[in-house]
$ cat coords_38.cif   # mmCIF, C-alpha atoms and all ligand atoms
data_final
#
loop_
_atom_site.group_PDB
_atom_site.id
_atom_site.type_symbol
_atom_site.label_atom_id
_atom_site.label_comp_id
_atom_site.auth_asym_id
_atom_site.auth_seq_id
_atom_site.Cartn_x
_atom_site.Cartn_y
_atom_site.Cartn_z
ATOM 1 C CA MET A 1 -106.604 120.755 108.551
ATOM 2 C CA ILE A 2 -106.962 117.725 110.668
ATOM 3 C CA ASN A 3 -105.786 116.502 114.024
ATOM 4 C CA THR A 4 -103.227 113.709 113.780
ATOM 5 C CA GLN A 5 -101.235 111.444 116.016
ATOM 6 C CA ALA A 6 -97.958 112.994 117.128
ATOM 7 C CA THR A 7 -95.780 110.309 115.568
ATOM 8 C CA HIS A 8 -97.891 109.957 112.475
ATOM 9 C CA ASN A 9 -97.176 113.024 110.419
ATOM 10 C CA LEU A 10 -93.819 114.289 111.504
ATOM 11 C CA PRO A 11 -92.226 115.192 108.213
ATOM 12 C CA LYS A 12 -90.561 112.064 106.913
ATOM 13 C CA ARG A 13 -88.219 113.804 104.532
ATOM 14 C CA MET A 14 -87.044 116.366 107.044
ATOM 15 C CA ASP A 15 -83.283 116.637 107.092
ATOM 16 C CA HIS A 16 -82.529 116.692 110.787
ATOM 17 C CA THR A 17 -79.014 118.142 110.527
ATOM 18 C CA ARG A 18 -80.217 120.930 108.315
ATOM 19 C CA THR A 19 -83.095 121.625 110.682
ATOM 20 C CA VAL A 20 -80.799 121.842 113.711
ATOM 21 C CA ALA A 21 -78.383 124.125 111.851
ATOM 22 C CA ALA A 22 -81.278 126.290 110.686
ATOM 23 C CA SER A 23 -82.622 126.440 114.232
ATOM 24 C CA LEU A 24 -79.273 127.594 115.629
ATOM 25 C CA LEU A 25 -78.923 130.229 112.953
ATOM 26 C CA LEU A 26 -82.470 131.320 113.631
ATOM 27 C CA LEU A 27 -81.813 131.603 117.372
ATOM 28 C CA ALA A 28 -78.778 133.768 116.689
ATOM 29 C CA CYS A 29 -80.793 136.000 114.323
ATOM 30 C CA ILE A 30 -83.642 136.324 116.781
ATOM 31 C CA ALA A 31 -81.299 137.196 119.666
ATOM 32 C CA ALA A 32 -79.442 139.810 117.618
ATOM 33 C CA LEU A 33 -82.567 141.302 116.154
ATOM 34 C CA SER A 34 -84.480 141.422 119.423
ATOM 35 C CA PHE A 35 -81.681 143.585 120.741
ATOM 36 C CA ALA A 36 -81.671 145.771 117.653
ATOM 37 C CA SER A 37 -85.444 146.196 117.752
ATOM 38 C CA ALA A 38 -85.630 148.245 120.940
ATOM 39 C CA GLY A 39 -87.550 151.386 120.118
ATOM 40 C CA ALA A 40 -88.830 150.109 116.748
ATOM 41 C CA LYS A 41 -92.088 151.729 115.674
ATOM 42 C CA VAL A 42 -94.911 149.217 115.429
ATOM 43 C CA PRO A 43 -98.063 150.309 113.577
ATOM 44 C CA LYS A 44 -101.474 149.698 115.098
ATOM 45 C CA PHE A 45 -103.421 146.640 113.923
ATOM 46 C CA ASP A 46 -107.033 147.673 113.262
ATOM 47 C CA SER A 47 -109.220 144.730 114.309
ATOM 48 C CA GLY A 48 -112.359 146.460 113.001
ATOM 49 C CA LYS A 49 -110.872 146.505 109.511
ATOM 50 C CA ALA A 50 -109.740 142.885 109.930
ATOM 51 C CA PHE A 51 -113.234 141.787 110.933
ATOM 52 C CA ALA A 52 -114.661 143.616 107.897
ATOM 53 C CA PHE A 53 -112.292 141.517 105.735
ATOM 54 C CA LEU A 54 -113.716 138.386 107.397
ATOM 55 C CA LEU A 55 -117.307 139.479 106.709
ATOM 56 C CA LYS A 56 -116.512 140.364 103.108
ATOM 57 C CA GLN A 57 -115.234 136.847 102.386
ATOM 58 C CA CYS A 58 -118.306 135.313 104.008
ATOM 59 C CA GLU A 59 -120.630 137.565 101.985
ATOM 60 C CA ILE A 60 -119.209 135.883 98.886
ATOM 61 C CA GLY A 61 -120.475 132.561 100.274
ATOM 62 C CA PRO A 62 -118.623 129.236 100.434
ATOM 63 C CA ARG A 63 -115.213 129.419 98.690
ATOM 64 C CA ASN A 64 -114.725 125.721 97.987
ATOM 65 C CA PRO A 65 -112.581 124.911 94.917
ATOM 66 C CA GLY A 66 -114.567 124.592 91.709
ATOM 67 C CA SER A 67 -117.410 126.824 92.933
ATOM 68 C CA GLN A 68 -118.426 130.304 91.762
ATOM 69 C CA GLY A 69 -117.580 131.688 95.201
ATOM 70 C CA HIS A 70 -114.077 130.308 94.853
ATOM 71 C CA LEU A 71 -113.351 132.311 91.680
ATOM 72 C CA LYS A 72 -115.095 135.390 93.024
ATOM 73 C CA CYS A 73 -113.053 135.270 96.230
ATOM 74 C CA ARG A 74 -109.799 134.713 94.304
ATOM 75 C CA ASP A 75 -110.482 137.884 92.321
ATOM 76 C CA TYR A 76 -111.401 139.792 95.483
ATOM 77 C CA LEU A 77 -108.200 138.724 97.264
ATOM 78 C CA VAL A 78 -105.971 139.513 94.280
ATOM 79 C CA ALA A 79 -107.618 142.944 93.868
ATOM 80 C CA THR A 80 -107.334 143.743 97.582
ATOM 81 C CA LEU A 81 -103.725 142.624 97.930
ATOM 82 C CA SER A 82 -102.811 144.480 94.721
ATOM 83 C CA GLN A 83 -103.711 147.736 96.488
ATOM 84 C CA TYR A 84 -101.102 147.012 99.156
ATOM 85 C CA ALA A 85 -98.279 144.753 97.953
ATOM 86 C CA ASP A 86 -95.373 145.476 95.624
ATOM 87 C CA LYS A 87 -96.143 142.377 93.604
ATOM 88 C CA VAL A 88 -99.090 139.956 93.566
ATOM 89 C CA THR A 89 -99.125 136.717 91.622
ATOM 90 C CA THR A 90 -101.385 133.702 91.488
ATOM 91 C CA GLN A 91 -99.876 130.256 91.365
ATOM 92 C CA PRO A 92 -102.346 127.879 89.694
ATOM 93 C CA PHE A 93 -102.165 124.148 90.324
ATOM 94 C CA PRO A 94 -104.403 121.141 89.707
ATOM 95 C CA LEU A 95 -106.306 120.175 92.866
ATOM 96 C CA ARG A 96 -107.529 116.599 93.064
ATOM 97 C CA PHE A 97 -110.167 115.887 95.657
ATOM 98 C CA GLY A 98 -113.389 114.157 96.593
ATOM 99 C CA ARG A 99 -114.946 110.797 95.961
ATOM 100 C CA PRO A 100 -115.305 110.179 93.104
ATOM 101 C CA GLU A 101 -112.149 112.157 92.540
ATOM 102 C CA GLN A 102 -112.370 115.347 90.506
ATOM 103 C CA THR A 103 -109.674 117.773 89.413
ATOM 104 C CA VAL A 104 -110.184 121.542 89.391
ATOM 105 C CA GLU A 105 -107.823 124.464 89.013
ATOM 106 C CA ALA A 106 -106.802 125.982 92.345
ATOM 107 C CA TYR A 107 -104.736 129.097 93.048
ATOM 108 C CA ASN A 108 -102.212 130.073 95.679
ATOM 109 C CA ILE A 109 -102.075 133.856 95.982
ATOM 110 C CA ILE A 110 -98.650 135.369 96.677
ATOM 111 C CA ALA A 111 -98.191 139.000 97.767
ATOM 112 C CA ARG A 112 -94.623 140.252 98.106
ATOM 113 C CA PHE A 113 -93.524 143.293 100.058
ATOM 114 C CA GLN A 114 -90.068 144.763 99.400
ATOM 115 C CA PRO A 115 -89.131 141.895 97.073
ATOM 116 C CA GLU A 116 -85.592 143.283 96.806
ATOM 117 C CA LYS A 117 -84.888 142.374 100.441
ATOM 118 C CA LYS A 118 -82.986 139.104 100.882
ATOM 119 C CA GLU A 119 -84.180 138.366 104.415
ATOM 120 C CA ARG A 120 -87.860 137.519 104.351
ATOM 121 C CA ILE A 121 -90.649 136.409 106.655
ATOM 122 C CA LEU A 122 -93.474 134.236 105.353
ATOM 123 C CA LEU A 123 -96.981 134.843 106.721
ATOM 124 C CA CYS A 124 -99.601 132.432 105.452
ATOM 125 C CA ALA A 125 -103.183 131.173 105.767
ATOM 126 C CA HIS A 126 -105.533 129.094 103.636
ATOM 127 C CA TRP A 127 -108.289 130.890 101.759
ATOM 128 C CA ASP A 128 -110.319 127.924 100.476
ATOM 129 C CA THR A 129 -113.230 126.518 102.464
ATOM 130 C CA ARG A 130 -114.193 122.899 102.973
ATOM 131 C CA PRO A 131 -116.464 121.506 100.227
ATOM 132 C CA TRP A 132 -118.445 119.378 102.701
ATOM 133 C CA ALA A 133 -119.737 119.991 106.231
ATOM 134 C CA ASP A 134 -118.892 116.406 107.091
ATOM 135 C CA GLU A 135 -118.594 117.078 110.835
ATOM 136 C CA ASP A 136 -122.075 118.598 111.025
ATOM 137 C CA PRO A 137 -124.325 116.991 113.666
ATOM 138 C CA ASP A 138 -127.062 116.739 111.015
ATOM 139 C CA PRO A 139 -126.122 114.140 108.350
ATOM 140 C CA LYS A 140 -128.347 115.998 105.852
ATOM 141 C CA ASN A 141 -125.665 118.722 105.792
ATOM 142 C CA HIS A 142 -122.715 116.430 105.123
ATOM 143 C CA ASP A 143 -122.552 117.341 101.419
ATOM 144 C CA THR A 144 -123.127 121.077 101.966
ATOM 145 C CA PRO A 145 -120.093 123.402 101.650
ATOM 146 C CA VAL A 146 -119.123 125.250 104.833
ATOM 147 C CA LEU A 147 -119.082 129.050 105.053
ATOM 148 C CA GLY A 148 -115.724 128.973 106.805
ATOM 149 C CA ALA A 149 -115.914 132.194 108.818
ATOM 150 C CA ASN A 150 -113.291 130.831 111.176
ATOM 151 C CA ASP A 151 -111.888 127.989 109.040
ATOM 152 C CA GLY A 152 -110.669 130.035 106.088
ATOM 153 C CA ALA A 153 -111.783 133.649 106.404
ATOM 154 C CA SER A 154 -110.254 134.453 109.813
ATOM 155 C CA GLY A 155 -106.600 133.869 108.931
ATOM 156 C CA VAL A 156 -106.960 135.645 105.592
ATOM 157 C CA ALA A 157 -108.690 138.582 107.306
ATOM 158 C CA VAL A 158 -105.768 139.125 109.673
ATOM 159 C CA LEU A 159 -103.257 138.920 106.813
ATOM 160 C CA LEU A 160 -105.182 141.422 104.669
ATOM 161 C CA GLU A 161 -105.022 143.917 107.527
ATOM 162 C CA VAL A 162 -101.293 143.175 107.974
ATOM 163 C CA ALA A 163 -100.913 143.803 104.219
ATOM 164 C CA ARG A 164 -102.574 147.202 104.611
ATOM 165 C CA LEU A 165 -100.078 148.102 107.354
ATOM 166 C CA LEU A 166 -97.112 146.832 105.328
ATOM 167 C CA HIS A 167 -98.143 149.197 102.556
ATOM 168 C CA ASP A 168 -98.456 152.238 104.815
ATOM 169 C CA HIS A 169 -95.415 151.550 107.040
ATOM 170 C CA LYS A 170 -92.176 150.161 105.624
ATOM 171 C CA ALA A 171 -91.116 147.041 107.532
ATOM 172 C CA PRO A 172 -87.465 146.307 108.417
ATOM 173 C CA VAL A 173 -87.630 142.959 106.599
ATOM 174 C CA GLY A 174 -89.132 141.583 103.392
ATOM 175 C CA VAL A 175 -92.525 139.935 103.890
ATOM 176 C CA ASP A 176 -94.359 137.437 101.724
ATOM 177 C CA ILE A 177 -98.034 136.907 102.433
ATOM 178 C CA VAL A 178 -99.141 133.641 100.866
ATOM 179 C CA LEU A 179 -102.770 132.559 100.808
ATOM 180 C CA PHE A 180 -102.879 128.848 100.150
ATOM 181 C CA ASP A 181 -105.643 127.178 98.201
ATOM 182 C CA GLY A 182 -106.663 123.532 98.431
ATOM 183 C CA GLU A 183 -105.925 123.140 102.130
ATOM 184 C CA ASP A 184 -109.265 121.834 103.223
ATOM 185 C CA ALA A 185 -110.472 119.345 100.606
ATOM 186 C CA GLY A 186 -108.753 116.384 102.236
ATOM 187 C CA THR A 187 -110.059 113.013 103.254
ATOM 188 C CA SER A 188 -109.226 111.418 106.570
ATOM 189 C CA GLY A 189 -106.631 108.677 106.229
ATOM 190 C CA SER A 190 -105.049 110.315 103.170
ATOM 191 C CA MET A 191 -102.437 112.751 104.439
ATOM 192 C CA ASN A 192 -101.421 114.126 101.017
ATOM 193 C CA SER A 193 -105.009 115.064 100.190
ATOM 194 C CA TRP A 194 -104.703 117.983 102.675
ATOM 195 C CA ALA A 195 -102.620 121.131 102.250
ATOM 196 C CA GLN A 196 -102.194 120.613 98.498
ATOM 197 C CA GLY A 197 -101.575 124.315 97.839
ATOM 198 C CA ALA A 198 -98.799 124.424 100.427
ATOM 199 C CA GLN A 199 -97.316 121.236 98.951
ATOM 200 C CA TYR A 200 -97.251 122.818 95.505
ATOM 201 C CA PHE A 201 -95.795 126.064 96.855
ATOM 202 C CA ALA A 202 -93.042 124.270 98.789
ATOM 203 C CA ARG A 203 -92.092 122.115 95.777
ATOM 204 C CA ASN A 204 -91.771 125.149 93.533
ATOM 205 C CA LEU A 205 -90.102 127.644 95.867
ATOM 206 C CA ALA A 206 -86.880 129.068 94.403
ATOM 207 C CA PRO A 207 -83.912 128.958 96.814
ATOM 208 C CA LYS A 208 -83.574 132.763 96.646
ATOM 209 C CA ASP A 209 -87.168 133.180 97.845
ATOM 210 C CA ARG A 210 -86.811 131.027 100.956
ATOM 211 C CA PRO A 211 -87.929 132.870 104.097
ATOM 212 C CA VAL A 212 -85.940 132.904 107.344
ATOM 213 C CA PHE A 213 -89.056 131.539 109.021
ATOM 214 C CA GLY A 214 -92.803 131.360 108.551
ATOM 215 C CA VAL A 215 -95.992 131.704 110.569
ATOM 216 C CA LEU A 216 -99.194 130.022 109.454
ATOM 217 C CA ILE A 217 -102.477 131.176 110.988
ATOM 218 C CA ASP A 218 -105.614 129.069 110.775
ATOM 219 C CA MET A 219 -108.885 129.088 112.730
ATOM 220 C CA ILE A 220 -107.831 132.042 114.873
ATOM 221 C CA GLY A 221 -111.173 133.881 114.788
ATOM 222 C CA ASP A 222 -113.011 131.814 117.429
ATOM 223 C CA ALA A 223 -114.590 134.202 119.945
ATOM 224 C CA ASP A 224 -113.372 131.768 122.603
ATOM 225 C CA LEU A 225 -109.777 131.695 121.355
ATOM 226 C CA ALA A 226 -107.087 129.484 122.907
ATOM 227 C CA ILE A 227 -103.922 128.845 120.888
ATOM 228 C CA LEU A 228 -101.723 126.052 122.208
ATOM 229 C CA LYS A 229 -98.165 125.357 121.053
ATOM 230 C CA GLU A 230 -98.816 123.004 118.140
ATOM 231 C CA ALA A 231 -96.696 119.863 118.448
ATOM 232 C CA ASN A 232 -95.066 119.769 114.974
ATOM 233 C CA SER A 233 -94.146 123.456 115.284
ATOM 234 C CA MET A 234 -92.514 122.746 118.630
ATOM 235 C CA ALA A 235 -90.629 119.750 117.244
ATOM 236 C CA ALA A 236 -89.262 121.480 114.145
ATOM 237 C CA ALA A 237 -89.351 125.261 114.710
ATOM 238 C CA ARG A 238 -89.253 125.772 118.442
ATOM 239 C CA PRO A 239 -87.288 129.075 118.418
ATOM 240 C CA VAL A 240 -90.055 130.646 116.326
ATOM 241 C CA VAL A 241 -92.730 129.365 118.718
ATOM 242 C CA GLU A 242 -90.854 130.770 121.705
ATOM 243 C CA LYS A 243 -90.319 134.135 119.996
ATOM 244 C CA VAL A 244 -94.021 134.434 119.154
ATOM 245 C CA TRP A 245 -95.160 133.421 122.647
ATOM 246 C CA LYS A 246 -92.737 135.915 124.215
ATOM 247 C CA ILE A 247 -94.258 138.722 122.134
ATOM 248 C CA ALA A 248 -97.777 137.544 123.047
ATOM 249 C CA GLN A 249 -96.864 137.566 126.717
ATOM 250 C CA ASP A 250 -95.327 141.049 126.484
ATOM 251 C CA LEU A 251 -98.459 142.357 124.744
ATOM 252 C CA GLY A 252 -100.857 140.665 127.173
ATOM 253 C CA CYS A 253 -102.379 138.462 124.458
ATOM 254 C CA THR A 254 -103.805 135.810 126.765
ATOM 255 C CA ALA A 255 -105.251 133.652 123.953
ATOM 256 C CA PHE A 256 -101.703 132.308 123.541
ATOM 257 C CA LYS A 257 -101.521 129.508 126.105
ATOM 258 C CA PRO A 258 -98.297 128.016 127.468
ATOM 259 C CA GLU A 259 -99.472 124.395 127.019
ATOM 260 C CA LEU A 260 -98.276 121.991 124.333
ATOM 261 C CA GLY A 261 -101.055 121.250 121.850
ATOM 262 C CA SER A 262 -101.692 118.260 119.627
ATOM 263 C CA SER A 263 -100.078 117.463 116.301
ATOM 264 C CA ILE A 264 -101.964 118.966 113.379
ATOM 265 C CA MET A 265 -101.731 118.319 109.642
ATOM 266 C CA ASP A 266 -101.864 121.801 108.147
ATOM 267 C CA ASP A 267 -100.127 123.991 105.576
ATOM 268 C CA HIS A 268 -96.970 124.314 107.672
ATOM 269 C CA ILE A 269 -96.070 120.618 107.211
ATOM 270 C CA PRO A 270 -94.965 120.828 103.549
ATOM 271 C CA LEU A 271 -92.845 123.869 104.486
ATOM 272 C CA LEU A 272 -91.219 122.022 107.378
ATOM 273 C CA GLN A 273 -90.537 119.140 105.019
ATOM 274 C CA VAL A 274 -88.359 121.375 102.836
ATOM 275 C CA GLY A 275 -86.534 122.791 105.856
ATOM 276 C CA ILE A 276 -88.425 126.077 106.334
ATOM 277 C CA PRO A 277 -89.140 126.615 110.049
ATOM 278 C CA CYS A 278 -92.838 127.465 109.856
ATOM 279 C CA ILE A 279 -95.140 127.322 112.872
ATOM 280 C CA ASP A 280 -98.908 126.898 112.985
ATOM 281 C CA LEU A 281 -101.052 129.166 115.146
ATOM 282 C CA ILE A 282 -104.358 127.314 115.383
ATOM 283 C CA ASP A 283 -107.236 126.679 117.763
ATOM 284 C CA LEU A 284 -108.807 123.423 116.659
ATOM 285 C CA ASP A 285 -111.043 123.352 119.735
ATOM 286 C CA TYR A 286 -113.976 124.860 117.837
ATOM 287 C CA PRO A 287 -117.401 123.195 118.086
ATOM 288 C CA TYR A 288 -118.431 124.446 114.597
ATOM 289 C CA TRP A 289 -115.393 122.985 112.777
ATOM 290 C CA HIS A 290 -116.458 121.587 109.364
ATOM 291 C CA THR A 291 -120.135 122.280 110.083
ATOM 292 C CA VAL A 292 -122.607 124.665 108.442
ATOM 293 C CA ALA A 293 -122.532 126.681 111.692
ATOM 294 C CA ASP A 294 -118.999 128.039 111.099
ATOM 295 C CA THR A 295 -120.434 131.532 110.634
ATOM 296 C CA PRO A 296 -119.225 135.065 111.566
ATOM 297 C CA ASP A 297 -121.271 135.211 114.791
ATOM 298 C CA LYS A 298 -118.912 132.559 116.251
ATOM 299 C CA CYS A 299 -115.913 134.829 115.602
ATOM 300 C CA SER A 300 -114.751 138.045 117.215
ATOM 301 C CA ALA A 301 -112.672 141.070 116.313
ATOM 302 C CA ALA A 302 -110.954 140.742 119.701
ATOM 303 C CA SER A 303 -109.550 137.349 118.696
ATOM 304 C CA LEU A 304 -108.302 138.652 115.342
ATOM 305 C CA ASP A 305 -106.774 141.547 117.263
ATOM 306 C CA GLN A 306 -104.632 139.336 119.496
ATOM 307 C CA VAL A 307 -103.185 137.381 116.582
ATOM 308 C CA GLY A 308 -102.825 140.458 114.396
ATOM 309 C CA ARG A 309 -100.989 142.470 117.032
ATOM 310 C CA VAL A 310 -98.543 139.627 117.667
ATOM 311 C CA LEU A 311 -97.794 139.246 113.942
ATOM 312 C CA VAL A 312 -97.352 142.973 113.415
ATOM 313 C CA HIS A 313 -94.969 143.082 116.348
ATOM 314 C CA LEU A 314 -93.051 140.101 115.025
ATOM 315 C CA VAL A 315 -92.540 141.823 111.669
ATOM 316 C CA TYR A 316 -91.776 145.355 112.823
ATOM 317 C CA THR A 317 -89.377 144.391 115.625
ATOM 318 C CA TYR A 318 -87.394 142.110 113.324
HETATM 319 ZN ZN ZN B 401 -110.820 122.939 107.898
#
$ encode --input "coords_38.cif" --output "structure tokens"
Amino acid sequence: MINTQATHNLPKRMDHTRTVAASLLLLACIAALSFASAGAKVPKFDSGKAFAFLLKQCEIGPRNPGSQGHLKCRDYLVATLSQYADKVTTQPFPLRFGRPEQTVEAYNIIARFQPEKKERILLCAHWDTRPWADEDPDPKNHDTPVLGANDGASGVAVLLEVARLLHDHKAPVGVDIVLFDGEDAGTSGSMNSWAQGAQYFARNLAPKDRPVFGVLIDMIGDADLAILKEANSMAAARPVVEKVWKIAQDLGCTAFKPELGSSIMDDHIPLLQVGIPCIDLIDLDYPYWHTVADTPDKCSAASLDQVGRVLVHLVYTY
């Protein structure tokens, strides 16, 4: 993902009327369901297990598209999610990236829970890691793939633990966990080169599979975690942002800050462009972003815990 100017990447094809109508409907749903949720049983997010999922991905090594680690991690994620979900599929697509440009096969991984349920929540993260540490202070590292402990593994780790809970405790709503590929092989100045997996997913989503709303998590493992209200999420899916921040406040999750953050090009943008209110939980203030130093020692289980608990609450109090 990459930081952008606020006016620069607001979805151009977003149908404003549809977005407003969807927002109103969403508000009504949230109000009704918040009331209904009193007394709902919320399972306990195990941050130790989540951190183990982060370490496991990093043990595989860099997971940049086209590499051995990429295929190995795909198989690991499919095998792990298959233990928990009702249905797991991979969605292959051609990923074009780099200079000179190359094309490799990339794979979104889709895990569905209670697929028979019409009302669904989308939880998503990217699982690929950046092919080049082009923000590294040492230019010698600029062609080295990053390990992506925070930028890649952290979001996936939280969602794997959520998947485990969804298997053991039936949720009151259908959930789709989608791990996007090809998020982080973009080039600055070329907006469509980022979030290619999410673009492909959004283009090919059947109307019957559309979620009520979505939450994207990215770079949420930073030991010094501060999640601001990302600007595009606020512009296009504000009721979801407010709902999530209310839960965070109720649970004492102080990493969720009340301030408005900057505008970020990430996997939620293609979803917003097709009218799905999807927010991005992200802390881009991370000194090791796109460097070879994005390693597990910069991350903490406590940070995964805050995000995980909020998501679990969001799902089980639906
Ligand atoms: Zn990145």
$ residues_around --input "coords_38.cif" --residues "A:Asn108" --least-positions-apart "5" --cutoff "12 Å" --atoms "only C-alpha atoms" --output "PDB file with C-alpha atoms, in the coordinates of the input"
ATOM      1  CA  PRO A  65    -112.581 124.911  94.917  1.00  0.00           C
ATOM      2  CA  HIS A  70    -114.077 130.308  94.853  1.00  0.00           C
ATOM      3  CA  ARG A  74    -109.799 134.713  94.304  1.00  0.00           C
ATOM      4  CA  ASP A  75    -110.482 137.884  92.321  1.00  0.00           C
ATOM      5  CA  LEU A  77    -108.200 138.724  97.264  1.00  0.00           C
ATOM      6  CA  VAL A  78    -105.971 139.513  94.280  1.00  0.00           C
ATOM      7  CA  VAL A  88     -99.090 139.956  93.566  1.00  0.00           C
ATOM      8  CA  THR A  89     -99.125 136.717  91.622  1.00  0.00           C
ATOM      9  CA  THR A  90    -101.385 133.702  91.488  1.00  0.00           C
ATOM     10  CA  GLN A  91     -99.876 130.256  91.365  1.00  0.00           C
ATOM     11  CA  PRO A  92    -102.346 127.879  89.694  1.00  0.00           C
ATOM     12  CA  PHE A  93    -102.165 124.148  90.324  1.00  0.00           C
ATOM     13  CA  PRO A  94    -104.403 121.141  89.707  1.00  0.00           C
ATOM     14  CA  LEU A  95    -106.306 120.175  92.866  1.00  0.00           C
ATOM     15  CA  CYS A 124     -99.601 132.432 105.452  1.00  0.00           C
ATOM     16  CA  ALA A 125    -103.183 131.173 105.767  1.00  0.00           C
ATOM     17  CA  HIS A 126    -105.533 129.094 103.636  1.00  0.00           C
ATOM     18  CA  TRP A 127    -108.289 130.890 101.759  1.00  0.00           C
ATOM     19  CA  ASP A 128    -110.319 127.924 100.476  1.00  0.00           C
ATOM     20  CA  ILE A 177     -98.034 136.907 102.433  1.00  0.00           C
ATOM     21  CA  VAL A 178     -99.141 133.641 100.866  1.00  0.00           C
ATOM     22  CA  LEU A 179    -102.770 132.559 100.808  1.00  0.00           C
ATOM     23  CA  PHE A 180    -102.879 128.848 100.150  1.00  0.00           C
ATOM     24  CA  ASP A 181    -105.643 127.178  98.201  1.00  0.00           C
ATOM     25  CA  GLY A 182    -106.663 123.532  98.431  1.00  0.00           C
ATOM     26  CA  GLU A 183    -105.925 123.140 102.130  1.00  0.00           C
ATOM     27  CA  ALA A 195    -102.620 121.131 102.250  1.00  0.00           C
ATOM     28  CA  GLN A 196    -102.194 120.613  98.498  1.00  0.00           C
ATOM     29  CA  GLY A 197    -101.575 124.315  97.839  1.00  0.00           C
ATOM     30  CA  ALA A 198     -98.799 124.424 100.427  1.00  0.00           C
ATOM     31  CA  GLN A 199     -97.316 121.236  98.951  1.00  0.00           C
ATOM     32  CA  TYR A 200     -97.251 122.818  95.505  1.00  0.00           C
ATOM     33  CA  PHE A 201     -95.795 126.064  96.855  1.00  0.00           C
ATOM     34  CA  ALA A 202     -93.042 124.270  98.789  1.00  0.00           C
ATOM     35  CA  ASN A 204     -91.771 125.149  93.533  1.00  0.00           C
ATOM     36  CA  ASP A 267    -100.127 123.991 105.576  1.00  0.00           C
TER      37      ASP A 267
END
$ closest_atom_pairs --input "coords_38.cif" --of "chain A" --to "ligand ZN 401 (chain B)" --cutoff "12 Å" --atoms "all atoms listed in the file" --output "tab-separated table"
residue	atom	partner	partner_atom	distance
A:Met1	CA	B:ZN401	ZN	4.8
A:Ile2	CA	B:ZN401	ZN	7.1
A:Asn3	CA	B:ZN401	ZN	10.2
A:Asn64	CA	B:ZN401	ZN	11.0
A:Ala125	CA	B:ZN401	ZN	11.4
A:His126	CA	B:ZN401	ZN	9.2
A:Trp127	CA	B:ZN401	ZN	10.4
A:Asp128	CA	B:ZN401	ZN	9.0
A:Thr129	CA	B:ZN401	ZN	6.9
A:Arg130	CA	B:ZN401	ZN	6.0
A:Pro131	CA	B:ZN401	ZN	9.6
A:Trp132	CA	B:ZN401	ZN	9.9
A:Ala133	CA	B:ZN401	ZN	9.5
A:Asp134	CA	B:ZN401	ZN	10.4
A:Glu135	CA	B:ZN401	ZN	10.2
A:Pro145	CA	B:ZN401	ZN	11.2
A:Val146	CA	B:ZN401	ZN	9.1
A:Leu147	CA	B:ZN401	ZN	10.7
A:Gly148	CA	B:ZN401	ZN	7.9
A:Ala149	CA	B:ZN401	ZN	10.6
A:Asn150	CA	B:ZN401	ZN	8.9
A:Asp151	CA	B:ZN401	ZN	5.3
A:Gly152	CA	B:ZN401	ZN	7.3
A:Ala153	CA	B:ZN401	ZN	10.9
A:Ser154	CA	B:ZN401	ZN	11.7
A:Gly155	CA	B:ZN401	ZN	11.8
A:Asp181	CA	B:ZN401	ZN	11.8
A:Gly182	CA	B:ZN401	ZN	10.4
A:Glu183	CA	B:ZN401	ZN	7.6
A:Asp184	CA	B:ZN401	ZN	5.0
A:Ala185	CA	B:ZN401	ZN	8.1
A:Gly186	CA	B:ZN401	ZN	8.9
A:Thr187	CA	B:ZN401	ZN	11.0
A:Ser188	CA	B:ZN401	ZN	11.7
A:Trp194	CA	B:ZN401	ZN	9.4
A:Ala195	CA	B:ZN401	ZN	10.1
A:Asp218	CA	B:ZN401	ZN	8.5
A:Met219	CA	B:ZN401	ZN	8.1
A:Ile220	CA	B:ZN401	ZN	11.9
A:Ile264	CA	B:ZN401	ZN	11.1
A:Met265	CA	B:ZN401	ZN	10.3
A:Asp266	CA	B:ZN401	ZN	9.0
A:Asp267	CA	B:ZN401	ZN	11.0
A:Ile282	CA	B:ZN401	ZN	10.8
A:Asp283	CA	B:ZN401	ZN	11.1
A:Leu284	CA	B:ZN401	ZN	9.0
A:Asp285	CA	B:ZN401	ZN	11.8
A:Tyr286	CA	B:ZN401	ZN	10.6
A:Tyr288	CA	B:ZN401	ZN	10.3
A:Trp289	CA	B:ZN401	ZN	6.7
A:His290	CA	B:ZN401	ZN	6.0
A:Thr291	CA	B:ZN401	ZN	9.6
A:Val292	CA	B:ZN401	ZN	11.9
A:Asp294	CA	B:ZN401	ZN	10.2
$ resolve_selection --input "coords_38.cif" --expression "the PyMOL selection byres (((chain A and resi 257) around 6) and not hetatm)" --output "PDB file with C-alpha atoms, keeping the file's coordinate frame"
ATOM      1  CA  ILE A 227    -103.922 128.845 120.888  1.00  0.00           C
ATOM      2  CA  LEU A 228    -101.723 126.052 122.208  1.00  0.00           C
ATOM      3  CA  ALA A 255    -105.251 133.652 123.953  1.00  0.00           C
ATOM      4  CA  PHE A 256    -101.703 132.308 123.541  1.00  0.00           C
ATOM      5  CA  PRO A 258     -98.297 128.016 127.468  1.00  0.00           C
ATOM      6  CA  GLU A 259     -99.472 124.395 127.019  1.00  0.00           C
TER       7      GLU A 259
END
$ residues_around --input "coords_38.cif" --residues "A:Ala40" --least-positions-apart "5" --cutoff "10 Å" --atoms "all atoms listed in the file" --output "number ranges by chain"
A: 171-172, 313, 316-318
$ closest_residue --input "coords_38.cif" --among "A:Asn141, A:Gln57, A:Ser193, A:Thr295" --to "A:Tyr76" --atoms "all atoms listed in the file"
A:Gln57
$ resolve_selection --input "coords_38.cif" --expression "the PyMOL selection byres (((chain A and resi 43-52) around 10) and not hetatm)" --output "number ranges by chain"
A: 40-42, 53-58, 153-162, 164-166, 168-171, 221, 296, 299-313, 316
$ closest_residue --input "coords_38.cif" --among "A:Met191, A:Ser262, A:Cys278, A:Gly252" --to "A:Ser233" --atoms "all atoms listed in the file"
A:Cys278
